[in-house]
Number of protein chains: 2
Amino acid sequence: MASQIRTDGARPLRARVTISQVADALGLTKGTVSRALNGYPDISPSTRVRVQAQAQRMGYRPLAQAQAIRTGRSRAIGLVLQTDVPGAQRPFLSDFLAGITRALSAESWTLTLSTSPGGAEMLTTLERLVDERKADGFILPRTFAQDARMRLLREMDVPFVLYGRVEDPDGCAWFDILGEDAMRAAVARLAGHGHTRIGFVNGGTEYNFSRLREGGFLAGLDSHGFPQDPTLIRRNAMTRQAGAAAVESLLAEPGPPTAIVFAVDAAALGAYDAAQRLGLRIGRDLSIISYDGIPEGGFVDPPLTTFHVDSRMAGARLAELLIRRIGGAAPETLRETAEADLRVGGSDGPPAHRSEALARMLSAPPTTD
Amino acid sequence: MASQIRTDGARPLRARVTISQVADALGLTKGTVSRALNGYPDISPSTRVRVQAQAQRMGYRPLAQAQAIRTGRSRAIGLVLQTDVPGAQRPFLSDFLAGITRALSAESWTLTLSTSPGGAEMLTTLERLVDERKADGFILPRTFAQDARMRLLREMDVPFVLYGRVEDPDGCAWFDILGEDAMRAAVARLAGHGHTRIGFVNGGTEYNFSRLREGGFLAGLDSHGFPQDPTLIRRNAMTRQAGAAAVESLLAEPGPPTAIVFAVDAAALGAYDAAQRLGLRIGRDLSIISYDGIPEGGFVDPPLTTFHVDSRMAGARLAELLIRRIGGAAPETLRETAEADLRVGGSDGPPAHRSEALARMLSAPPTTD
DNA sequence: CCTGTTGCCGAAACCGGTTTCGTAACTGAC
DNA sequence: GTCAGTTACGAAACCGGTTTCGGCAACAGG
């Protein structure tokens, strides 16, 4: 494939310190140094500390590739982004990657990134990375209720951690944000404002998190004694447009909600469009609380009250869990969750009108005020 | 560091085909097979094709890590994202990464991704990746007029390609979108609508592309015989807020522009906010044309007329250029540019008023219509 | 004092490749 | 027919690590 011609003269790069150099400096063999550094039991404690000190002093860091050809482990984790859902993870991607890579580099690991349209190609991409020893394990974001990636990796016995929980937890490690708790807290907050008819706009039902968030919302209703009214629930709103449509649909009900909880910020932004069209003031005529914490939420007027997810922290935790998993820790011991934190904007407050009055307003032509 | 305990039983993973297996199947030595596959001249043509056919048949692919310890090349390129400018490349990141990784995997290369807050830490991150042979070369996005990353990599003699051009082209390969052409075309389009006073809102002046785009804008003015009026130019607007402020500032001039060209979509979105506050209709009272092609531009009303940059293509081209550069091609032969393509929205059109009338409108309190 | 463990390390094989070197077998010239 | 020069491949060293194996020395037990 490549030509045999040396591209240029001797490229010095930078003199790396090799294990043999460390061994020579100590009068030991490289085998002994290797065992000392890797915690083999047949090394005397005194030798071990001598070796560690010398390695430290000389700035020795093993070459991951050389280790890999013997051990099969390359000290790299894989992340395959799905590209056929444009904009799905867009606002968080940068933070998420930052979290992952910072955690990895702290342990001298690296991230091998790839992309795939999804579907079958996603699986071949994963296989290729495993085959070529480019990744010792994977972070799987956006887990589906039934996830083909999980099946494949399990079958190949390749470690992975999920960003998100899953129905069948067998052998799975994960990190997740407790979206259901946030939804419940949103209901409680709205109930505290005095709302009694609260709507819900969920995200895509193919995602596992949607099921959880809807459960949290319903639990919130229950704990305040509100009935579960199917006419106050809309689903599969992942974009601003879909969110706007869902809001208009909810407000067209005979008994419209005075407040709406959104599972996804992008959809909640659509409420501003719908409100403008309908002549409603967000935060007064209609209260909304959402979830994600995308930056745009801070720029709309009034700012969106939303539960913020720390994607950077999520990435960091996932990376650490995966390293431990690759190191052999049992998946059951590698399950963490965190809470989303509320960022209060101005999009929620006491209802200016009861549901009936709101319905009357909506049936009348919008006023200028 | 890691324990010596095998984490679990013999992990089969997947049986890789090694070069020795190919050699055995042919009755040759692995050295001969290696030379045959790598194009050494001391291999007879008949043997070469036999080896290639057999390797193909057995599905042999060399293990990059094993190659790397001898050759120093790992068939991986590096990309270090800067994280201290939140949201800077956010909308494009996913596409950009997709372009890079698809191009790479077509050639069996991989992407090693890292992040850095920028500054000195950026440089140590680059050094670490080079030291540990995690990247044979780098894509440098968002090049600055004076770029410390370039200096470092040049000094270490590590190949790189720029996303963006640079003042001192010595030894640099690059890919770039001709933003200056887009700016000139924007002026021409507005002039065609009948505008004669055209403002400009530029991005951050620390970036090289800002200089180019401003040059393009000015060239556009020149070619239509419009004077260069410093009072119609604002700079360093990279966000929606900054864009809104710039617009309000421009419109407060005695002779306000009836149209504004933006170097960055994010700033152009701020024009909608400013227009709403001032009671102006975008596309009629005030025309705007921008650059980037972020998705949000399609969702505002009226949709933003903007020059769209194909980030995915950019990523793909950069990856291919970098591979060729690492392969030894001269940087001068690795310079490509492409045009941004206009996406017509409704944000520009013939001016509803002349500058003087606009100024009067703005000094009067905004009307409801 | 001899034997049997045990602790600790060196020697060497090994991982999957690349590259150098040496040489047997051709080739062509004289 | 001899000899120098190619051609084309094998053999082996090498890259930077890990891991197995064997053995020496020290120590304990009888």
# chains A, B, ... in the order shown; residues from 1 in each chain; ligands from 1

$ closest_atom_pairs --of "chain A" --to "chain D" --cutoff "12 Å" --atoms "only C-alpha atoms (C1' of nucleotides)" --output "JSON lines"
{"residue": "A:Arg16", "atom": "CA", "partner": "D:DG16", "partner_atom": "C1'", "distance": 10.7}
{"residue": "A:Val17", "atom": "CA", "partner": "D:DG16", "partner_atom": "C1'", "distance": 10.2}
{"residue": "A:Thr18", "atom": "CA", "partner": "D:DG16", "partner_atom": "C1'", "distance": 6.9}
{"residue": "A:Ile19", "atom": "CA", "partner": "D:DG16", "partner_atom": "C1'", "distance": 7.3}
{"residue": "A:Ser20", "atom": "CA", "partner": "D:DG16", "partner_atom": "C1'", "distance": 8.3}
{"residue": "A:Gln21", "atom": "CA", "partner": "D:DG16", "partner_atom": "C1'", "distance": 10.8}
{"residue": "A:Lys30", "atom": "CA", "partner": "D:DG17", "partner_atom": "C1'", "distance": 8.7}
{"residue": "A:Gly31", "atom": "CA", "partner": "D:DT18", "partner_atom": "C1'", "distance": 7.6}
{"residue": "A:Thr32", "atom": "CA", "partner": "D:DT18", "partner_atom": "C1'", "distance": 10.4}
{"residue": "A:Val33", "atom": "CA", "partner": "D:DT18", "partner_atom": "C1'", "distance": 10.7}
{"residue": "A:Ser34", "atom": "CA", "partner": "D:DT18", "partner_atom": "C1'", "distance": 7.3}
{"residue": "A:Arg35", "atom": "CA", "partner": "D:DT18", "partner_atom": "C1'", "distance": 8.3}
{"residue": "A:Ala36", "atom": "CA", "partner": "D:DT18", "partner_atom": "C1'", "distance": 11.8}
{"residue": "A:Leu37", "atom": "CA", "partner": "D:DT18", "partner_atom": "C1'", "distance": 11.3}
{"residue": "A:Asn38", "atom": "CA", "partner": "D:DT18", "partner_atom": "C1'", "distance": 9.7}
{"residue": "A:Tyr40", "atom": "CA", "partner": "D:DT19", "partner_atom": "C1'", "distance": 10.6}
{"residue": "A:Arg61", "atom": "CA", "partner": "D:DG17", "partner_atom": "C1'", "distance": 11.2}
{"residue": "A:Pro62", "atom": "CA", "partner": "D:DG17", "partner_atom": "C1'", "distance": 7.6}
{"residue": "A:Leu63", "atom": "CA", "partner": "D:DG16", "partner_atom": "C1'", "distance": 7.1}
{"residue": "A:Ala64", "atom": "CA", "partner": "D:DG17", "partner_atom": "C1'", "distance": 8.7}
{"residue": "A:Gln65", "atom": "CA", "partner": "D:DG17", "partner_atom": "C1'", "distance": 8.6}
{"residue": "A:Ala66", "atom": "CA", "partner": "D:DG17", "partner_atom": "C1'", "distance": 5.0}
{"residue": "A:Gln67", "atom": "CA", "partner": "D:DG17", "partner_atom": "C1'", "distance": 5.1}
{"residue": "A:Ala68", "atom": "CA", "partner": "D:DG17", "partner_atom": "C1'", "distance": 8.4}
{"residue": "A:Ile69", "atom": "CA", "partner": "D:DG17", "partner_atom": "C1'", "distance": 8.4}
{"residue": "A:Arg70", "atom": "CA", "partner": "D:DT18", "partner_atom": "C1'", "distance": 6.1}
{"residue": "A:Thr71", "atom": "CA", "partner": "D:DT18", "partner_atom": "C1'", "distance": 7.1}
{"residue": "A:Gly72", "atom": "CA", "partner": "D:DT18", "partner_atom": "C1'", "distance": 10.7}
{"residue": "A:Arg73", "atom": "CA", "partner": "D:DT18", "partner_atom": "C1'", "distance": 11.6}

$ select_by_dssp --residues "range 54-217 of chain A" --states "strand (DSSP E)" --output "PyMOL selection string"
chain A and resi 76-82+110-116+138-140+160-163+173-177+198-201

$ atom_distance --atom1 "CA of Phe138 in chain B" --atom2 "CA of Phe209 in chain B"
19.7 Å

$ residues_around --residues "Gly216 in chain B" --least-positions-apart "5" --cutoff "12 Å" --atoms "only C-alpha atoms (C1' of nucleotides)" --output "ChimeraX atom specification"
/B:178-188,200,202,209-211,221-223,261-263

$ select_by_dssp --residues "range 149-180 of chain A" --states "helix (DSSP H, G or I)" --output "PDB file with N, CA and C atoms, in the first residue's frame"
ATOM      1  N   ARG A 149     -25.973  -2.695  20.081  1.00  0.00           N
ATOM      2  CA  ARG A 149     -24.557  -2.534  20.432  1.00  0.00           C
ATOM      3  C   ARG A 149     -24.224  -3.360  21.668  1.00  0.00           C
ATOM      4  N   MET A 150     -25.118  -3.300  22.648  1.00  0.00           N
ATOM      5  CA  MET A 150     -24.889  -4.070  23.861  1.00  0.00           C
ATOM      6  C   MET A 150     -24.778  -5.558  23.569  1.00  0.00           C
ATOM      7  N   ARG A 151     -25.689  -6.052  22.762  1.00  0.00           N
ATOM      8  CA  ARG A 151     -25.661  -7.480  22.437  1.00  0.00           C
ATOM      9  C   ARG A 151     -24.324  -7.866  21.814  1.00  0.00           C
ATOM     10  N   LEU A 152     -23.903  -7.079  20.840  1.00  0.00           N
ATOM     11  CA  LEU A 152     -22.659  -7.399  20.147  1.00  0.00           C
ATOM     12  C   LEU A 152     -21.468  -7.418  21.094  1.00  0.00           C
ATOM     13  N   LEU A 153     -21.354  -6.380  21.905  1.00  0.00           N
ATOM     14  CA  LEU A 153     -20.191  -6.283  22.784  1.00  0.00           C
ATOM     15  C   LEU A 153     -20.211  -7.376  23.838  1.00  0.00           C
ATOM     16  N   ARG A 154     -21.374  -7.688  24.343  1.00  0.00           N
ATOM     17  CA  ARG A 154     -21.485  -8.794  25.289  1.00  0.00           C
ATOM     18  C   ARG A 154     -20.979 -10.079  24.654  1.00  0.00           C
ATOM     19  N   GLU A 155     -21.422 -10.300  23.451  1.00  0.00           N
ATOM     20  CA  GLU A 155     -21.062 -11.520  22.732  1.00  0.00           C
ATOM     21  C   GLU A 155     -19.549 -11.609  22.533  1.00  0.00           C
ATOM     22  N   MET A 156     -18.941 -10.486  22.219  1.00  0.00           N
ATOM     23  CA  MET A 156     -17.493 -10.483  22.010  1.00  0.00           C
ATOM     24  C   MET A 156     -16.741 -10.373  23.336  1.00  0.00           C
ATOM     25  N   GLY A 179     -33.288  11.566  35.638  1.00  0.00           N
ATOM     26  CA  GLY A 179     -34.270  12.432  34.998  1.00  0.00           C
ATOM     27  C   GLY A 179     -35.642  12.306  35.634  1.00  0.00           C
ATOM     28  N   GLU A 180     -35.973  11.118  36.108  1.00  0.00           N
ATOM     29  CA  GLU A 180     -37.293  10.926  36.712  1.00  0.00           C
ATOM     30  C   GLU A 180     -37.443  11.753  37.982  1.00  0.00           C
TER      31      GLU A 180
END

$ atom_distance --atom1 "CA of Ile77 in chain A" --atom2 "CA of Ser108 in chain B"
17.4 Å

$ atom_distance --atom1 "CA of Thr231 in chain B" --atom2 "CA of Arg284 in chain B"
22.0 Å

$ interface_residues --of "chain C" --to "chain B" --cutoff "12 Å" --atoms "only C-alpha atoms (C1' of nucleotides)" --output "list in words"
DC15, DG16, DG17, DT18, DT19 and DT20 of chain C

$ residues_around --residues "DC8 in chain C" --least-positions-apart "6" --cutoff "8 Å" --atoms "only C-alpha atoms (C1' of nucleotides)" --output "MDAnalysis selection string"
chainID A and resid 42:44

$ residues_around --residues "Val309 in chain A" --least-positions-apart "5" --cutoff "10 Å" --atoms "only C-alpha atoms (C1' of nucleotides)" --output "ChimeraX atom specification"
/A:92,176-179,291-294,314,338-342

$ write_last_selection --atoms "C-alpha atoms" --output "short mmCIF file (atom, residue, chain, number, x, y, z; two decimals), in the first residue's frame"
data_model
loop_
_atom_site.label_atom_id
_atom_site.label_comp_id
_atom_site.auth_asym_id
_atom_site.auth_seq_id
_atom_site.Cartn_x
_atom_site.Cartn_y
_atom_site.Cartn_z
CA PHE A 92 -23.58 18.64 24.99
CA ASP A 176 -27.04 8.17 34.50
CA ILE A 177 -28.75 11.33 35.55
CA LEU A 178 -31.95 10.78 37.45
CA GLY A 179 -34.27 12.43 35.00
CA TYR A 291 -34.77 19.39 31.39
CA ASP A 292 -31.28 19.40 29.87
CA GLY A 293 -29.86 22.83 30.51
CA ILE A 294 -28.93 23.82 26.99
CA ALA A 314 -21.06 12.57 33.08
CA ALA A 338 -26.45 11.83 39.82
CA GLU A 339 -29.11 14.44 40.14
CA ALA A 340 -29.80 17.16 37.65
CA ASP A 341 -29.72 20.57 39.26
CA LEU A 342 -32.46 23.11 38.89
#

$ residues_around --residues "Arg75 in chain B" --least-positions-apart "6" --cutoff "7 Å" --atoms "only C-alpha atoms (C1' of nucleotides)" --output "ChimeraX atom specification"
/B:64,109-110,136

$ residues_around --residues "Asn236 in chain A" --least-positions-apart "4" --cutoff "10 Å" --atoms "only C-alpha atoms (C1' of nucleotides)" --output "VMD selection string"
chain A and resid 201 to 207 210 242 to 243 246 263 267

$ closest_residue --among "B:Asp170, B:Asp301, B:Asp147, B:Asp229" --to "Asn208 in chain B" --atoms "only C-alpha atoms"
B:Asp147

$ decode --residues "chain D" --atoms "N, CA and C atoms (P, O5', C5', C4', C3', O3' and C1' of nucleotides)" --output "tab-separated table (two decimals), in the first residue's frame"
chain	number	residue	atom	x	y	z
D	1	DG	P	30.98	-25.88	-20.70
D	1	DG	O5'	32.14	-24.79	-20.44
D	1	DG	C5'	33.50	-25.14	-20.24
D	1	DG	C4'	34.11	-24.08	-19.40
D	1	DG	C3'	33.62	-24.04	-17.94
D	1	DG	O3'	34.71	-23.63	-17.11
D	1	DG	C1'	33.00	-22.03	-18.99
D	2	DT	P	34.56	-23.73	-15.56
D	2	DT	O5'	34.90	-22.23	-15.19
D	2	DT	C5'	36.02	-21.59	-15.80
D	2	DT	C4'	35.91	-20.10	-15.62
D	2	DT	C3'	35.57	-19.67	-14.18
D	2	DT	O3'	36.51	-18.70	-13.74
D	2	DT	C1'	34.10	-18.62	-15.71
D	3	DC	P	36.51	-18.27	-12.22
D	3	DC	O5'	35.88	-16.82	-12.28
D	3	DC	C5'	36.23	-15.94	-13.34
D	3	DC	C4'	35.31	-14.74	-13.32
D	3	DC	C3'	34.86	-14.32	-11.91
D	3	DC	O3'	34.94	-12.91	-11.80
D	3	DC	C1'	32.97	-14.68	-13.27
D	4	DA	P	34.87	-12.29	-10.32
D	4	DA	O5'	33.97	-11.01	-10.58
D	4	DA	C5'	34.18	-10.21	-11.75
D	4	DA	C4'	32.88	-9.55	-12.15
D	4	DA	C3'	32.17	-8.79	-11.02
D	4	DA	O3'	31.67	-7.57	-11.53
D	4	DA	C1'	30.73	-10.46	-11.89
D	5	DG	P	31.01	-6.52	-10.57
D	5	DG	O5'	29.45	-6.66	-10.92
D	5	DG	C5'	29.04	-6.68	-12.28
D	5	DG	C4'	27.56	-6.97	-12.35
D	5	DG	C3'	26.72	-6.27	-11.27
D	5	DG	O3'	25.52	-5.79	-11.87
D	5	DG	C1'	26.33	-8.59	-11.20
D	6	DT	P	24.80	-4.51	-11.24
D	6	DT	O5'	23.38	-5.06	-10.89
D	6	DT	C5'	23.25	-6.42	-10.48
D	6	DT	C4'	22.06	-7.04	-11.23
D	6	DT	C3'	20.74	-6.77	-10.54
D	6	DT	O3'	19.67	-6.90	-11.48
D	6	DT	C1'	21.42	-9.05	-10.22
D	7	DT	P	18.22	-6.35	-11.00
D	7	DT	O5'	17.54	-7.70	-10.49
D	7	DT	C5'	17.64	-8.87	-11.30
D	7	DT	C4'	16.99	-10.03	-10.58
D	7	DT	C3'	15.79	-9.67	-9.69
D	7	DT	O3'	14.77	-10.61	-9.97
D	7	DT	C1'	17.37	-10.92	-8.45
D	8	DA	P	13.30	-10.46	-9.36
D	8	DA	O5'	13.40	-11.37	-8.06
D	8	DA	C5'	13.62	-12.77	-8.21
D	8	DA	C4'	13.67	-13.40	-6.84
D	8	DA	C3'	12.56	-12.95	-5.90
D	8	DA	O3'	12.02	-14.08	-5.26
D	8	DA	C1'	14.64	-12.66	-4.86
D	9	DC	P	10.58	-13.99	-4.57
D	9	DC	O5'	10.96	-14.48	-3.10
D	9	DC	C5'	11.50	-15.79	-2.96
D	9	DC	C4'	12.57	-15.79	-1.89
D	9	DC	C3'	12.06	-15.67	-0.46
D	9	DC	O3'	11.83	-16.97	0.03
D	9	DC	C1'	14.19	-14.59	-0.85
D	10	DG	P	11.30	-17.18	1.53
D	10	DG	O5'	12.66	-17.38	2.31
D	10	DG	C5'	13.57	-18.40	1.89
D	10	DG	C4'	14.74	-18.50	2.86
D	10	DG	C3'	14.35	-18.66	4.33
D	10	DG	O3'	15.31	-19.49	4.96
D	10	DG	C1'	15.50	-16.59	4.04
D	11	DA	P	15.11	-19.92	6.47
D	11	DA	O5'	16.07	-18.93	7.25
D	11	DA	C5'	17.39	-18.67	6.73
D	11	DA	C4'	18.15	-17.78	7.70
D	11	DA	C3'	17.74	-17.91	9.16
D	11	DA	O3'	18.91	-17.86	9.95
D	11	DA	C1'	17.43	-15.67	8.44
D	12	DA	P	18.83	-18.07	11.54
D	12	DA	O5'	18.98	-16.59	12.06
D	12	DA	C5'	19.90	-15.71	11.42
D	12	DA	C4'	19.70	-14.31	11.92
D	12	DA	C3'	19.28	-14.20	13.39
D	12	DA	O3'	19.97	-13.13	13.96
D	12	DA	C1'	17.79	-13.00	12.07
D	13	DA	P	20.12	-13.01	15.55
D	13	DA	O5'	20.22	-11.43	15.73
D	13	DA	C5'	20.89	-10.66	14.74
D	13	DA	C4'	20.22	-9.31	14.60
D	13	DA	C3'	19.86	-8.63	15.93
D	13	DA	O3'	20.23	-7.27	15.87
D	13	DA	C1'	17.95	-8.75	14.57
D	14	DC	P	20.24	-6.41	17.19
D	14	DC	O5'	18.88	-5.59	17.11
D	14	DC	C5'	18.59	-4.83	15.94
D	14	DC	C4'	17.14	-4.41	15.96
D	14	DC	C3'	16.63	-3.96	17.35
D	14	DC	O3'	16.34	-2.58	17.30
D	14	DC	C1'	15.05	-5.32	16.18
D	15	DC	P	16.42	-1.77	18.70
D	15	DC	O5'	15.00	-1.09	18.76
D	15	DC	C5'	14.30	-0.68	17.59
D	15	DC	C4'	12.83	-0.70	17.88
D	15	DC	C3'	12.50	-0.62	19.37
D	15	DC	O3'	12.13	0.70	19.70
D	15	DC	C1'	11.17	-2.28	18.23
D	16	DG	P	12.64	1.26	21.11
D	16	DG	O5'	11.54	0.71	22.11
D	16	DG	C5'	10.20	1.15	21.95
D	16	DG	C4'	9.32	0.33	22.86
D	16	DG	C3'	9.78	0.27	24.32
D	16	DG	O3'	8.64	0.36	25.16
D	16	DG	C1'	9.48	-1.88	23.50
D	17	DG	P	8.80	0.96	26.63
D	17	DG	O5'	7.62	0.23	27.42
D	17	DG	C5'	7.83	-1.01	28.05
D	17	DG	C4'	6.96	-2.08	27.40
D	17	DG	C3'	6.63	-3.25	28.32
D	17	DG	O3'	5.42	-2.97	29.00
D	17	DG	C1'	7.30	-4.00	26.14
D	18	DT	P	5.10	-3.74	30.33
D	18	DT	O5'	4.83	-5.23	29.84
D	18	DT	C5'	3.67	-5.52	29.10
D	18	DT	C4'	3.54	-7.02	28.92
D	18	DT	C3'	3.35	-7.81	30.22
D	18	DT	O3'	2.37	-8.80	29.95
D	18	DT	C1'	5.20	-8.68	29.04
D	19	DT	P	1.61	-9.50	31.19
D	19	DT	O5'	2.31	-10.93	31.19
D	19	DT	C5'	2.34	-11.66	29.98
D	19	DT	C4'	3.26	-12.86	30.12
D	19	DT	C3'	3.19	-13.57	31.48
D	19	DT	O3'	3.02	-14.94	31.23
D	19	DT	C1'	5.43	-13.18	30.86
D	20	DT	P	2.64	-15.95	32.39
D	20	DT	O5'	3.62	-17.17	32.08
D	20	DT	C5'	3.93	-17.46	30.72
D	20	DT	C4'	5.26	-18.18	30.63
D	20	DT	C3'	5.48	-19.25	31.71
D	20	DT	O3'	5.98	-20.41	31.08
D	20	DT	C1'	7.30	-17.75	31.69
D	21	DC	P	5.96	-21.80	31.88
D	21	DC	O5'	7.51	-22.01	32.17
D	21	DC	C5'	8.45	-21.71	31.14
D	21	DC	C4'	9.85	-21.66	31.71
D	21	DC	C3'	10.09	-22.63	32.87
D	21	DC	O3'	11.29	-23.32	32.63
D	21	DC	C1'	10.79	-20.46	33.45
D	22	DG	P	11.60	-24.67	33.41
D	22	DG	O5'	13.13	-24.45	33.77
D	22	DG	C5'	13.92	-23.53	33.01
D	22	DG	C4'	14.94	-22.89	33.93
D	22	DG	C3'	15.38	-23.78	35.09
D	22	DG	O3'	16.79	-23.68	35.23
D	22	DG	C1'	14.66	-21.71	35.92
D	23	DG	P	17.59	-24.81	36.03
D	23	DG	O5'	18.65	-23.95	36.84
D	23	DG	C5'	19.05	-22.68	36.36
D	23	DG	C4'	19.35	-21.77	37.54
D	23	DG	C3'	19.86	-22.53	38.78
D	23	DG	O3'	20.91	-21.79	39.36
D	23	DG	C1'	18.02	-21.21	39.35
D	24	DC	P	22.12	-22.53	40.10
D	24	DC	O5'	22.95	-21.33	40.72
D	24	DC	C5'	22.75	-20.00	40.23
D	24	DC	C4'	22.44	-19.06	41.39
D	24	DC	C3'	23.07	-19.48	42.73
D	24	DC	O3'	23.69	-18.35	43.31
D	24	DC	C1'	20.76	-19.11	43.01
D	25	DA	P	24.74	-18.55	44.52
D	25	DA	O5'	23.96	-17.92	45.74
D	25	DA	C5'	23.44	-16.60	45.60
D	25	DA	C4'	22.46	-16.33	46.73
D	25	DA	C3'	22.96	-16.72	48.12
D	25	DA	O3'	22.65	-15.67	49.01
D	25	DA	C1'	20.88	-17.75	47.69
D	26	DA	P	23.36	-15.61	50.47
D	26	DA	O5'	22.10	-15.61	51.42
D	26	DA	C5'	20.99	-14.78	51.08
D	26	DA	C4'	19.76	-15.29	51.80
D	26	DA	C3'	20.01	-15.70	53.25
D	26	DA	O3'	19.01	-15.12	54.07
D	26	DA	C1'	18.94	-17.45	52.08
D	27	DC	P	19.22	-15.06	55.66
D	27	DC	O5'	18.05	-16.02	56.15
D	27	DC	C5'	16.77	-15.94	55.51
D	27	DC	C4'	16.04	-17.24	55.70
D	27	DC	C3'	16.14	-17.83	57.11
D	27	DC	O3'	14.87	-17.79	57.72
D	27	DC	C1'	16.36	-19.50	55.41
D	28	DA	P	14.78	-18.19	59.28
D	28	DA	O5'	14.01	-19.59	59.18
D	28	DA	C5'	12.89	-19.68	58.31
D	28	DA	C4'	12.43	-21.13	58.24
D	28	DA	C3'	12.40	-21.84	59.59
D	28	DA	O3'	11.21	-22.61	59.70
D	28	DA	C1'	13.82	-23.02	58.08
D	29	DG	P	10.89	-23.29	61.11
D	29	DG	O5'	11.17	-24.83	60.79
D	29	DG	C5'	10.58	-25.41	59.64
D	29	DG	C4'	11.09	-26.83	59.46
D	29	DG	C3'	11.13	-27.64	60.77
D	29	DG	O3'	10.63	-28.94	60.52
D	29	DG	C1'	13.28	-27.64	59.76
D	30	DG	P	10.29	-29.92	61.71
D	30	DG	O5'	11.42	-31.03	61.60
D	30	DG	C5'	11.52	-31.81	60.41
D	30	DG	C4'	12.84	-32.59	60.46
D	30	DG	C3'	13.05	-33.35	61.77
D	30	DG	O3'	13.30	-34.72	61.50
D	30	DG	C1'	14.98	-32.11	61.16
